[in-house]
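Structure record follows, encoded as structure tokens.
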Amino acid sequence: MNDDKLQEQARARAQELPGAGLEHPFGPEWEVFKVRDKVFMLLTEVTGEPIVIIKAAPEDGKALREQHKDITPGYHMNKQHWITLHPGGDLRKQLVDDLITESYLLVVEGLPHAKRPVDPATFGRHDQ
């Protein structure tokens with residue numbers, strides 16, 4: 001996915017997720033997407049390229065980094081729980097959508113039941 005497309009796709013997917021909102025708490029060069037005040041995705045170009053930073057389960061993040069040269073540890077985040085998606089490589093739209101949805105669900109799972117905008121056990125699952 002080329003430079004512009006990666007962030008465009010990430011932004012579009014995040015905006016489809018129930019309860020997701022965009023903020024700029026770190027200034028205009030950082031787009032921070034949250035659900036119920038918890039971050040699930042960051043977009044920036046402060047590294048010189050348009051990157052997407054999302055949550056991932058540690059074992060999933062490790063496997064993804066091994067399988068894709070365009071996925072690295074989370075920029076400025078906990079390296080076990082966050083990954084960075086880089087443009088220009090073999091990341092496909094469906095993978096990007098799935099990774100953003102998974103990041104969102106990881107955050108939703110950590111919310112009190114009453115604050116969850118969706119049921120993380122069933123939302124977005126392909127086997128429904």
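Labels for the structure tokens follow display order: chains A, B, ..., residues from 1 in each chain, ligands from 1.
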Please identify the strand (DSSP E or B) residues within chain A (assignment by DSSP from backbone atoms) and present them as a PyMOL selection string. chain A and resi 20-23+30-35+38-44+51-55+71-73+82-85
Exercise: segment 113-123 of chain A partners within 7 Å, only C-alpha atoms, chain neighbours under 6 positions left out, as JSON, numbers by chain: {"A": [18, 19, 105]}
Please produce an output containing N, CA and C atoms for each residue in the selection, written as a PDB file, in the first residue's frame.
ATOM      1  N   PRO A  18     -17.842   1.591  15.946  1.00  0.00           N
ATOM      2  CA  PRO A  18     -18.755   2.241  16.895  1.00  0.00           C
ATOM      3  C   PRO A  18     -18.026   2.875  18.077  1.00  0.00           C
ATOM      4  N   GLY A  19     -18.342   4.125  18.347  1.00  0.00           N
ATOM      5  CA  GLY A  19     -17.771   4.812  19.500  1.00  0.00           C
ATOM      6  C   GLY A  19     -16.372   5.359  19.287  1.00  0.00           C
ATOM      7  N   LEU A 105     -10.776  -3.829  19.215  1.00  0.00           N
ATOM      8  CA  LEU A 105     -11.383  -4.837  20.089  1.00  0.00           C
ATOM      9  C   LEU A 105     -10.527  -5.109  21.322  1.00  0.00           C
TER      10      LEU A 105
END
Which one is closest to Gly61 of chain A: A:Val46, A:Lys93, A:Ile83, A:Glu23? Count only C-alpha atoms.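 Checking each candidate against Gly61 of chain A, we get A:Ile83 as the closest.
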Could you check which of A:Asp90, A:Glu8, A:Asp60, A:Asp70 is closest to Glu31 of chain A, using only C-alpha atoms?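 Distance minimum relative to Glu31 of chain A lands on A:Glu8.
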From the set A:Thr84, A:Lys79, A:Glu59, A:Tyr104, which residue has the shortest atom-to-atom contact distance to Thr47 of chain A, counting only C-alpha atoms?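 Of all the options, A:Thr84 lies closest to Thr47 of chain A.
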Which residue, A:Leu91, A:Thr72, A:Lys34, A:Asn78, has the smallest gap to Ser103 of chain A when you use only C-alpha atoms?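 For Ser103 of chain A, the nearest of the candidates is A:Lys34.
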Hey, can you check how far atom CA of Pro25 of chain A sits from atom CA of Gly74 of chain A?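 Taking atom CA of Pro25 of chain A and atom CA of Gly74 of chain A, their separation equals 18.3 Å.
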Among chain A, which residues carry a DSSP assignment of alpha helix (DSSP H), reported as a PyMOL selection string? chain A and resi 3-16+58-67+93-109
Surrounding residues of Gly89 of chain A excluding itself and chain neighbours under 4 positions, 9 Å, only C-alpha atoms, as a PDB file with N, CA and C atoms, in the first residue's frame:
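Output file part22.pdb follows:
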ATOM      1  N   MET A   1       0.857  -1.164   0.000  1.00  0.00           N
ATOM      2  CA  MET A   1       0.000   0.000   0.000  1.00  0.00           C
ATOM      3  C   MET A   1       0.908   1.233   0.000  1.00  0.00           C
ATOM      4  N   ASN A   2       0.650   2.187  -0.877  1.00  0.00           N
ATOM      5  CA  ASN A   2       1.544   3.338  -0.972  1.00  0.00           C
ATOM      6  C   ASN A   2       1.321   4.320   0.183  1.00  0.00           C
ATOM      7  N   HIS A  68       5.958  -9.829   7.963  1.00  0.00           N
ATOM      8  CA  HIS A  68       5.842  -8.639   7.105  1.00  0.00           C
ATOM      9  C   HIS A  68       6.951  -7.650   7.418  1.00  0.00           C
ATOM     10  N   LYS A  69       7.734  -7.321   6.409  1.00  0.00           N
ATOM     11  CA  LYS A  69       8.810  -6.351   6.621  1.00  0.00           C
ATOM     12  C   LYS A  69       8.274  -4.958   6.913  1.00  0.00           C
ATOM     13  N   ASP A  70       7.009  -4.689   6.557  1.00  0.00           N
ATOM     14  CA  ASP A  70       6.401  -3.380   6.770  1.00  0.00           C
ATOM     15  C   ASP A  70       5.679  -3.267   8.107  1.00  0.00           C
TER      16      ASP A  70
END
Top pick for closest residue to Lys55 of chain A, considering A:Val32, A:Met77, A:Leu22, A:Ala10 and counting only C-alpha atoms: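 The closest residue to Lys55 of chain A is A:Met77.
Excluding Leu6 of chain A and any residue on its chain fewer than 6 positions from it, the residues at most 9 Å away by only C-alpha atoms are Pro50, Ile51, Val52, Leu85, His86, Pro87, Gly88, Leu91, Lys93 and Val96 of chain A.
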